[in-house]
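Peer 1: Sharing model_1.txt, compact mmCIF, N, CA and C atoms:
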```txt
# COMPACT_ATOMS: atom_id res chain seq x y z
N GLY A 426 -1.57 -57.62 -97.04
CA GLY A 426 -1.82 -57.51 -95.65
C GLY A 426 -3.06 -58.29 -95.22
N ARG A 427 -3.55 -59.16 -96.04
CA ARG A 427 -4.74 -59.94 -95.67
C ARG A 427 -4.35 -61.19 -94.89
N ASP A 428 -5.25 -61.62 -94.05
CA ASP A 428 -5.05 -62.86 -93.31
C ASP A 428 -5.36 -64.05 -94.20
N GLY A 429 -4.79 -65.18 -93.86
CA GLY A 429 -5.10 -66.42 -94.56
C GLY A 429 -4.21 -66.65 -95.77
N VAL A 430 -4.57 -67.67 -96.49
CA VAL A 430 -3.82 -68.10 -97.67
C VAL A 430 -4.70 -67.87 -98.90
N PRO A 431 -4.13 -67.38 -100.00
CA PRO A 431 -4.95 -67.19 -101.19
C PRO A 431 -5.48 -68.52 -101.73
N TYR A 432 -6.67 -68.47 -102.27
CA TYR A 432 -7.27 -69.64 -102.92
C TYR A 432 -6.91 -69.55 -104.39
N LEU A 433 -6.20 -70.55 -104.89
CA LEU A 433 -5.73 -70.53 -106.27
C LEU A 433 -6.59 -71.44 -107.14
N ALA A 434 -7.14 -70.88 -108.19
CA ALA A 434 -7.97 -71.64 -109.13
C ALA A 434 -7.47 -71.36 -110.55
N ALA A 435 -7.67 -72.35 -111.42
CA ALA A 435 -7.25 -72.21 -112.81
C ALA A 435 -8.23 -72.95 -113.71
N THR A 436 -8.16 -72.66 -114.99
CA THR A 436 -9.00 -73.30 -115.98
C THR A 436 -8.12 -73.96 -117.03
N ALA A 437 -8.52 -75.15 -117.46
CA ALA A 437 -7.82 -75.86 -118.53
C ALA A 437 -8.85 -76.27 -119.58
N TYR A 438 -8.61 -75.91 -120.82
CA TYR A 438 -9.48 -76.31 -121.92
C TYR A 438 -9.21 -77.77 -122.26
N TYR A 439 -10.29 -78.51 -122.56
CA TYR A 439 -10.12 -79.89 -122.99
C TYR A 439 -11.18 -80.25 -124.03
N ALA A 440 -10.86 -81.26 -124.79
CA ALA A 440 -11.80 -81.89 -125.72
C ALA A 440 -11.34 -83.33 -125.86
N LEU A 441 -12.28 -84.25 -125.80
CA LEU A 441 -11.95 -85.66 -125.90
C LEU A 441 -12.81 -86.30 -126.98
N GLY A 442 -12.53 -87.53 -127.28
CA GLY A 442 -13.33 -88.23 -128.28
C GLY A 442 -12.73 -88.16 -129.67
N GLU A 443 -13.52 -88.64 -130.59
CA GLU A 443 -13.05 -88.84 -131.96
C GLU A 443 -12.58 -87.57 -132.66
N HIS A 444 -13.25 -86.46 -132.44
CA HIS A 444 -12.92 -85.22 -133.15
C HIS A 444 -12.40 -84.14 -132.19
N ALA A 445 -11.67 -84.56 -131.18
CA ALA A 445 -11.24 -83.65 -130.12
C ALA A 445 -10.45 -82.46 -130.66
N ARG A 446 -9.43 -82.72 -131.42
CA ARG A 446 -8.58 -81.62 -131.91
C ARG A 446 -9.35 -80.63 -132.78
N SER A 447 -10.15 -81.15 -133.69
CA SER A 447 -10.88 -80.24 -134.58
C SER A 447 -11.95 -79.45 -133.82
N ALA A 448 -12.60 -80.10 -132.85
CA ALA A 448 -13.61 -79.39 -132.05
C ALA A 448 -12.96 -78.27 -131.24
N ALA A 449 -11.82 -78.57 -130.64
CA ALA A 449 -11.11 -77.57 -129.85
C ALA A 449 -10.64 -76.42 -130.74
N ARG A 450 -10.06 -76.75 -131.87
CA ARG A 450 -9.55 -75.71 -132.78
C ARG A 450 -10.69 -74.81 -133.25
N GLN A 451 -11.78 -75.40 -133.65
CA GLN A 451 -12.92 -74.61 -134.14
C GLN A 451 -13.44 -73.68 -133.05
N TYR A 452 -13.67 -74.21 -131.87
CA TYR A 452 -14.23 -73.41 -130.78
C TYR A 452 -13.26 -72.30 -130.35
N LEU A 453 -12.02 -72.67 -130.07
CA LEU A 453 -11.09 -71.70 -129.49
C LEU A 453 -10.59 -70.66 -130.49
N THR A 454 -10.39 -71.04 -131.74
CA THR A 454 -9.95 -70.02 -132.70
C THR A 454 -11.07 -69.03 -132.97
N ASP A 455 -12.32 -69.49 -132.87
CA ASP A 455 -13.44 -68.57 -133.01
C ASP A 455 -13.54 -67.67 -131.78
N TYR A 456 -13.50 -68.26 -130.61
CA TYR A 456 -13.65 -67.51 -129.36
C TYR A 456 -12.54 -66.46 -129.20
N TYR A 457 -11.31 -66.85 -129.53
CA TYR A 457 -10.18 -65.95 -129.35
C TYR A 457 -9.75 -65.25 -130.65
N ALA A 458 -10.64 -65.18 -131.62
CA ALA A 458 -10.32 -64.54 -132.91
C ALA A 458 -9.86 -63.10 -132.74
N PHE A 459 -10.36 -62.41 -131.73
CA PHE A 459 -9.98 -61.01 -131.50
C PHE A 459 -8.49 -60.86 -131.21
N LEU A 460 -7.82 -61.95 -130.81
CA LEU A 460 -6.38 -61.89 -130.54
C LEU A 460 -5.54 -62.05 -131.80
N GLY A 461 -6.18 -62.46 -132.88
CA GLY A 461 -5.47 -62.73 -134.12
C GLY A 461 -5.25 -64.22 -134.28
N PRO A 462 -5.02 -64.67 -135.52
CA PRO A 462 -4.96 -66.11 -135.79
C PRO A 462 -3.79 -66.82 -135.11
N ASP A 463 -2.64 -66.16 -134.97
CA ASP A 463 -1.50 -66.82 -134.34
C ASP A 463 -1.76 -67.10 -132.87
N ALA A 464 -2.20 -66.10 -132.14
CA ALA A 464 -2.46 -66.27 -130.70
C ALA A 464 -3.62 -67.25 -130.48
N ALA A 465 -4.68 -67.11 -131.25
CA ALA A 465 -5.82 -68.02 -131.11
C ALA A 465 -5.39 -69.46 -131.42
N GLY A 466 -4.55 -69.63 -132.41
CA GLY A 466 -4.04 -70.97 -132.76
C GLY A 466 -3.19 -71.56 -131.66
N ARG A 467 -2.37 -70.74 -131.01
CA ARG A 467 -1.55 -71.24 -129.89
C ARG A 467 -2.42 -71.70 -128.73
N ILE A 468 -3.47 -70.97 -128.45
CA ILE A 468 -4.39 -71.36 -127.38
C ILE A 468 -5.06 -72.68 -127.76
N ALA A 469 -5.53 -72.78 -128.99
CA ALA A 469 -6.18 -74.02 -129.45
C ALA A 469 -5.22 -75.20 -129.39
N ASP A 470 -3.97 -74.97 -129.74
CA ASP A 470 -2.97 -76.04 -129.73
C ASP A 470 -2.65 -76.53 -128.32
N SER A 471 -2.95 -75.73 -127.31
CA SER A 471 -2.66 -76.13 -125.93
C SER A 471 -3.78 -76.94 -125.29
N THR A 472 -4.85 -77.18 -126.03
CA THR A 472 -5.99 -77.92 -125.50
C THR A 472 -5.60 -79.35 -125.15
N LEU A 473 -6.06 -79.81 -124.00
CA LEU A 473 -5.82 -81.19 -123.56
C LEU A 473 -6.77 -82.11 -124.31
N THR A 474 -6.21 -83.11 -125.00
CA THR A 474 -7.06 -83.95 -125.85
C THR A 474 -6.90 -85.44 -125.58
N ASP A 475 -6.25 -85.82 -124.49
CA ASP A 475 -6.18 -87.23 -124.14
C ASP A 475 -6.03 -87.39 -122.63
N ALA A 476 -6.30 -88.59 -122.14
CA ALA A 476 -6.31 -88.86 -120.70
C ALA A 476 -4.96 -88.56 -120.06
N ASP A 477 -3.88 -88.94 -120.71
CA ASP A 477 -2.55 -88.69 -120.13
C ASP A 477 -2.28 -87.21 -119.95
N ALA A 478 -2.65 -86.42 -120.95
CA ALA A 478 -2.44 -84.97 -120.86
C ALA A 478 -3.29 -84.36 -119.76
N LEU A 479 -4.52 -84.83 -119.61
CA LEU A 479 -5.40 -84.33 -118.55
C LEU A 479 -4.81 -84.61 -117.18
N LYS A 480 -4.38 -85.84 -116.96
CA LYS A 480 -3.83 -86.22 -115.66
C LYS A 480 -2.53 -85.47 -115.37
N LYS A 481 -1.69 -85.33 -116.37
CA LYS A 481 -0.42 -84.63 -116.19
C LYS A 481 -0.68 -83.16 -115.82
N GLN A 482 -1.59 -82.53 -116.53
CA GLN A 482 -1.91 -81.13 -116.26
C GLN A 482 -2.47 -80.97 -114.85
N ALA A 483 -3.38 -81.86 -114.44
CA ALA A 483 -3.96 -81.79 -113.10
C ALA A 483 -2.86 -81.94 -112.03
N ALA A 484 -1.95 -82.86 -112.24
CA ALA A 484 -0.86 -83.07 -111.29
C ALA A 484 0.06 -81.85 -111.22
N GLU A 485 0.35 -81.26 -112.38
CA GLU A 485 1.23 -80.08 -112.40
C GLU A 485 0.59 -78.89 -111.68
N PHE A 486 -0.71 -78.69 -111.89
CA PHE A 486 -1.39 -77.61 -111.18
C PHE A 486 -1.42 -77.88 -109.68
N ALA A 487 -1.68 -79.13 -109.30
CA ALA A 487 -1.68 -79.48 -107.87
C ALA A 487 -0.31 -79.24 -107.26
N ASP A 488 0.74 -79.66 -107.96
CA ASP A 488 2.12 -79.45 -107.47
C ASP A 488 2.45 -77.97 -107.32
N ALA A 489 1.82 -77.14 -108.15
CA ALA A 489 2.07 -75.69 -108.09
C ALA A 489 1.23 -75.01 -107.01
N GLY A 490 0.40 -75.80 -106.31
CA GLY A 490 -0.40 -75.23 -105.23
C GLY A 490 -1.81 -74.81 -105.62
N CYS A 491 -2.26 -75.25 -106.78
CA CYS A 491 -3.61 -74.91 -107.23
C CYS A 491 -4.65 -75.65 -106.38
N ASP A 492 -5.60 -74.91 -105.85
CA ASP A 492 -6.66 -75.50 -105.03
C ASP A 492 -7.80 -76.09 -105.86
N GLU A 493 -8.05 -75.50 -107.01
CA GLU A 493 -9.17 -75.95 -107.85
C GLU A 493 -8.80 -75.78 -109.32
N LEU A 494 -8.92 -76.86 -110.07
CA LEU A 494 -8.68 -76.82 -111.51
C LEU A 494 -10.01 -77.10 -112.20
N ILE A 495 -10.47 -76.17 -113.00
CA ILE A 495 -11.74 -76.28 -113.69
C ILE A 495 -11.46 -76.69 -115.13
N PHE A 496 -11.92 -77.87 -115.50
CA PHE A 496 -11.77 -78.33 -116.88
C PHE A 496 -12.94 -77.78 -117.68
N PHE A 497 -12.63 -77.03 -118.72
CA PHE A 497 -13.63 -76.36 -119.56
C PHE A 497 -13.71 -77.09 -120.90
N PRO A 498 -14.86 -77.72 -121.21
CA PRO A 498 -14.96 -78.46 -122.47
C PRO A 498 -15.07 -77.52 -123.68
N CYS A 499 -14.43 -77.93 -124.76
CA CYS A 499 -14.46 -77.14 -126.00
C CYS A 499 -15.51 -77.65 -126.98
N ALA A 500 -16.24 -78.66 -126.60
CA ALA A 500 -17.31 -79.19 -127.45
C ALA A 500 -18.61 -79.09 -126.67
N ALA A 501 -19.68 -78.80 -127.36
CA ALA A 501 -20.99 -78.61 -126.72
C ALA A 501 -21.70 -79.94 -126.45
N ASP A 502 -21.04 -81.04 -126.62
CA ASP A 502 -21.62 -82.36 -126.41
C ASP A 502 -21.53 -82.73 -124.92
N ALA A 503 -22.66 -83.06 -124.31
CA ALA A 503 -22.69 -83.43 -122.89
C ALA A 503 -21.84 -84.66 -122.61
N ASP A 504 -21.57 -85.48 -123.61
CA ASP A 504 -20.71 -86.66 -123.42
C ASP A 504 -19.30 -86.28 -123.00
N GLU A 505 -18.90 -85.04 -123.25
CA GLU A 505 -17.57 -84.59 -122.83
C GLU A 505 -17.37 -84.76 -121.32
N ILE A 506 -18.42 -84.58 -120.55
CA ILE A 506 -18.33 -84.73 -119.09
C ILE A 506 -18.01 -86.17 -118.74
N ASP A 507 -18.71 -87.12 -119.36
CA ASP A 507 -18.45 -88.54 -119.11
C ASP A 507 -17.05 -88.93 -119.58
N LEU A 508 -16.65 -88.41 -120.73
CA LEU A 508 -15.31 -88.72 -121.24
C LEU A 508 -14.24 -88.18 -120.28
N LEU A 509 -14.47 -86.99 -119.72
CA LEU A 509 -13.52 -86.43 -118.77
C LEU A 509 -13.44 -87.30 -117.52
N ALA A 510 -14.58 -87.70 -116.98
CA ALA A 510 -14.60 -88.54 -115.77
C ALA A 510 -13.86 -89.85 -116.03
N ARG A 511 -14.14 -90.49 -117.14
CA ARG A 511 -13.46 -91.74 -117.46
C ARG A 511 -11.95 -91.56 -117.63
N ALA A 512 -11.58 -90.46 -118.27
CA ALA A 512 -10.15 -90.19 -118.48
C ALA A 512 -9.43 -89.97 -117.16
N MET A 513 -10.05 -89.23 -116.26
CA MET A 513 -9.40 -88.93 -114.98
C MET A 513 -9.36 -90.13 -114.05
N LEU A 514 -10.30 -91.05 -114.22
CA LEU A 514 -10.35 -92.24 -113.35
C LEU A 514 -9.59 -93.42 -113.92
N ALA A 515 -9.18 -93.33 -115.18
CA ALA A 515 -8.46 -94.43 -115.81
C ALA A 515 -7.10 -94.62 -115.14
N ALA A 516 -6.70 -95.87 -115.04
CA ALA A 516 -5.42 -96.19 -114.39
C ALA A 516 -4.24 -95.78 -115.21
```
Turn this file's structure into structure tokens for me.
Peer 2:
Amino acid sequence: GRDGVPYLAATAYYALGEHARSAARQYLTDYYAFLGPDAAGRIADSTLTDADALKKQAAEFADAGCDELIFFPCAADADEIDLLARAMLAA
């Protein structure tokens, strides 16, 4: 019964660069260890690790009506931000 339109936001895990998959797996399987190894592994396996996957995911969320997609880096390296910007701006 509220006025207006809901604001839809989502989060997508990503890791880029030379060790993207291993960085994502290490971080996410540790973070989600309480779910058990199978569930934590599935979450880690869904991490976006290349420019094409990032762009595709962003487009799919936009098509679904998402107002804001927050890319969450799985590596503590500040270079991840630059890698994300370059990946999203690449033709």
Peer 1: Which residues in chain A does DSSP call helix (DSSP H, G or I)? List them as a VMD selection string.
Peer 2: chain A and resid 445 to 456 458 to 460 462 to 470 476 to 488 504 to 514
Peer 1: Would you write out those residues with N, CA and C atoms, as a compact mmCIF listing (two decimals), in the coordinates of the input?
Peer 2:
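Printed below is out-v1.txt as written:
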```txt
# COMPACT_ATOMS: atom_id res chain seq x y z
N ALA A 445 -11.67 -84.56 -131.18
CA ALA A 445 -11.24 -83.65 -130.12
C ALA A 445 -10.45 -82.46 -130.66
N ARG A 446 -9.43 -82.72 -131.42
CA ARG A 446 -8.58 -81.62 -131.91
C ARG A 446 -9.35 -80.63 -132.78
N SER A 447 -10.15 -81.15 -133.69
CA SER A 447 -10.88 -80.24 -134.58
C SER A 447 -11.95 -79.45 -133.82
N ALA A 448 -12.60 -80.10 -132.85
CA ALA A 448 -13.61 -79.39 -132.05
C ALA A 448 -12.96 -78.27 -131.24
N ALA A 449 -11.82 -78.57 -130.64
CA ALA A 449 -11.11 -77.57 -129.85
C ALA A 449 -10.64 -76.42 -130.74
N ARG A 450 -10.06 -76.75 -131.87
CA ARG A 450 -9.55 -75.71 -132.78
C ARG A 450 -10.69 -74.81 -133.25
N GLN A 451 -11.78 -75.40 -133.65
CA GLN A 451 -12.92 -74.61 -134.14
C GLN A 451 -13.44 -73.68 -133.05
N TYR A 452 -13.67 -74.21 -131.87
CA TYR A 452 -14.23 -73.41 -130.78
C TYR A 452 -13.26 -72.30 -130.35
N LEU A 453 -12.02 -72.67 -130.07
CA LEU A 453 -11.09 -71.70 -129.49
C LEU A 453 -10.59 -70.66 -130.49
N THR A 454 -10.39 -71.04 -131.74
CA THR A 454 -9.95 -70.02 -132.70
C THR A 454 -11.07 -69.03 -132.97
N ASP A 455 -12.32 -69.49 -132.87
CA ASP A 455 -13.44 -68.57 -133.01
C ASP A 455 -13.54 -67.67 -131.78
N TYR A 456 -13.50 -68.26 -130.61
CA TYR A 456 -13.65 -67.51 -129.36
C TYR A 456 -12.54 -66.46 -129.20
N ALA A 458 -10.64 -65.18 -131.62
CA ALA A 458 -10.32 -64.54 -132.91
C ALA A 458 -9.86 -63.10 -132.74
N PHE A 459 -10.36 -62.41 -131.73
CA PHE A 459 -9.98 -61.01 -131.50
C PHE A 459 -8.49 -60.86 -131.21
N LEU A 460 -7.82 -61.95 -130.81
CA LEU A 460 -6.38 -61.89 -130.54
C LEU A 460 -5.54 -62.05 -131.80
N PRO A 462 -5.02 -64.67 -135.52
CA PRO A 462 -4.96 -66.11 -135.79
C PRO A 462 -3.79 -66.82 -135.11
N ASP A 463 -2.64 -66.16 -134.97
CA ASP A 463 -1.50 -66.82 -134.34
C ASP A 463 -1.76 -67.10 -132.87
N ALA A 464 -2.20 -66.10 -132.14
CA ALA A 464 -2.46 -66.27 -130.70
C ALA A 464 -3.62 -67.25 -130.48
N ALA A 465 -4.68 -67.11 -131.25
CA ALA A 465 -5.82 -68.02 -131.11
C ALA A 465 -5.39 -69.46 -131.42
N GLY A 466 -4.55 -69.63 -132.41
CA GLY A 466 -4.04 -70.97 -132.76
C GLY A 466 -3.19 -71.56 -131.66
N ARG A 467 -2.37 -70.74 -131.01
CA ARG A 467 -1.55 -71.24 -129.89
C ARG A 467 -2.42 -71.70 -128.73
N ILE A 468 -3.47 -70.97 -128.45
CA ILE A 468 -4.39 -71.36 -127.38
C ILE A 468 -5.06 -72.68 -127.76
N ALA A 469 -5.53 -72.78 -128.99
CA ALA A 469 -6.18 -74.02 -129.45
C ALA A 469 -5.22 -75.20 -129.39
N ASP A 470 -3.97 -74.97 -129.74
CA ASP A 470 -2.97 -76.04 -129.73
C ASP A 470 -2.65 -76.53 -128.32
N ALA A 476 -6.30 -88.59 -122.14
CA ALA A 476 -6.31 -88.86 -120.70
C ALA A 476 -4.96 -88.56 -120.06
N ASP A 477 -3.88 -88.94 -120.71
CA ASP A 477 -2.55 -88.69 -120.13
C ASP A 477 -2.28 -87.21 -119.95
N ALA A 478 -2.65 -86.42 -120.95
CA ALA A 478 -2.44 -84.97 -120.86
C ALA A 478 -3.29 -84.36 -119.76
N LEU A 479 -4.52 -84.83 -119.61
CA LEU A 479 -5.40 -84.33 -118.55
C LEU A 479 -4.81 -84.61 -117.18
N LYS A 480 -4.38 -85.84 -116.96
CA LYS A 480 -3.83 -86.22 -115.66
C LYS A 480 -2.53 -85.47 -115.37
N LYS A 481 -1.69 -85.33 -116.37
CA LYS A 481 -0.42 -84.63 -116.19
C LYS A 481 -0.68 -83.16 -115.82
N GLN A 482 -1.59 -82.53 -116.53
CA GLN A 482 -1.91 -81.13 -116.26
C GLN A 482 -2.47 -80.97 -114.85
N ALA A 483 -3.38 -81.86 -114.44
CA ALA A 483 -3.96 -81.79 -113.10
C ALA A 483 -2.86 -81.94 -112.03
N ALA A 484 -1.95 -82.86 -112.24
CA ALA A 484 -0.86 -83.07 -111.29
C ALA A 484 0.06 -81.85 -111.22
N GLU A 485 0.35 -81.26 -112.38
CA GLU A 485 1.23 -80.08 -112.40
C GLU A 485 0.59 -78.89 -111.68
N PHE A 486 -0.71 -78.69 -111.89
CA PHE A 486 -1.39 -77.61 -111.18
C PHE A 486 -1.42 -77.88 -109.68
N ALA A 487 -1.68 -79.13 -109.30
CA ALA A 487 -1.68 -79.48 -107.87
C ALA A 487 -0.31 -79.24 -107.26
N ASP A 488 0.74 -79.66 -107.96
CA ASP A 488 2.12 -79.45 -107.47
C ASP A 488 2.45 -77.97 -107.32
N ASP A 504 -21.57 -85.48 -123.61
CA ASP A 504 -20.71 -86.66 -123.42
C ASP A 504 -19.30 -86.28 -123.00
N GLU A 505 -18.90 -85.04 -123.25
CA GLU A 505 -17.57 -84.59 -122.83
C GLU A 505 -17.37 -84.76 -121.32
N ILE A 506 -18.42 -84.58 -120.55
CA ILE A 506 -18.33 -84.73 -119.09
C ILE A 506 -18.01 -86.17 -118.74
N ASP A 507 -18.71 -87.12 -119.36
CA ASP A 507 -18.45 -88.54 -119.11
C ASP A 507 -17.05 -88.93 -119.58
N LEU A 508 -16.65 -88.41 -120.73
CA LEU A 508 -15.31 -88.72 -121.24
C LEU A 508 -14.24 -88.18 -120.28
N LEU A 509 -14.47 -86.99 -119.72
CA LEU A 509 -13.52 -86.43 -118.77
C LEU A 509 -13.44 -87.30 -117.52
N ALA A 510 -14.58 -87.70 -116.98
CA ALA A 510 -14.60 -88.54 -115.77
C ALA A 510 -13.86 -89.85 -116.03
N ARG A 511 -14.14 -90.49 -117.14
CA ARG A 511 -13.46 -91.74 -117.46
C ARG A 511 -11.95 -91.56 -117.63
N ALA A 512 -11.58 -90.46 -118.27
CA ALA A 512 -10.15 -90.19 -118.48
C ALA A 512 -9.43 -89.97 -117.16
N MET A 513 -10.05 -89.23 -116.26
CA MET A 513 -9.40 -88.93 -114.98
C MET A 513 -9.36 -90.13 -114.05
N LEU A 514 -10.30 -91.05 -114.22
CA LEU A 514 -10.35 -92.24 -113.35
C LEU A 514 -9.59 -93.42 -113.92
```
Peer 1: So, counting all atoms listed in the file, which residue among A:Gly490, A:Cys499, A:Ala434, A:Ala484 is closest to Gln451 in chain A?
Peer 2: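 Result for the nearest residue to Gln451 in chain A: A:Cys499.
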Peer 1: Would you return as a ChimeraX atom specification the members of chain A that DSSP assigns to strand (DSSP E or B) on this structure's backbone?
Peer 2: /A:434-439,473,493-498
Peer 1: Tell me which of A:Leu479, A:Asp507, A:Ala440, A:Thr474 sits closest to Leu494 in chain A, counting only C-alpha atoms.
Peer 2: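 The shortest atom-to-atom distance to Leu494 in chain A comes from A:Leu479.
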Peer 1: Find the residue from A:Gly426, A:Ser471, A:Tyr432, A:Leu441 that sits nearest to Asp504 in chain A; use all atoms listed in the file when measuring.
Peer 2: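 Using all atoms listed in the file, the shortest distance to Asp504 in chain A belongs to A:Leu441.
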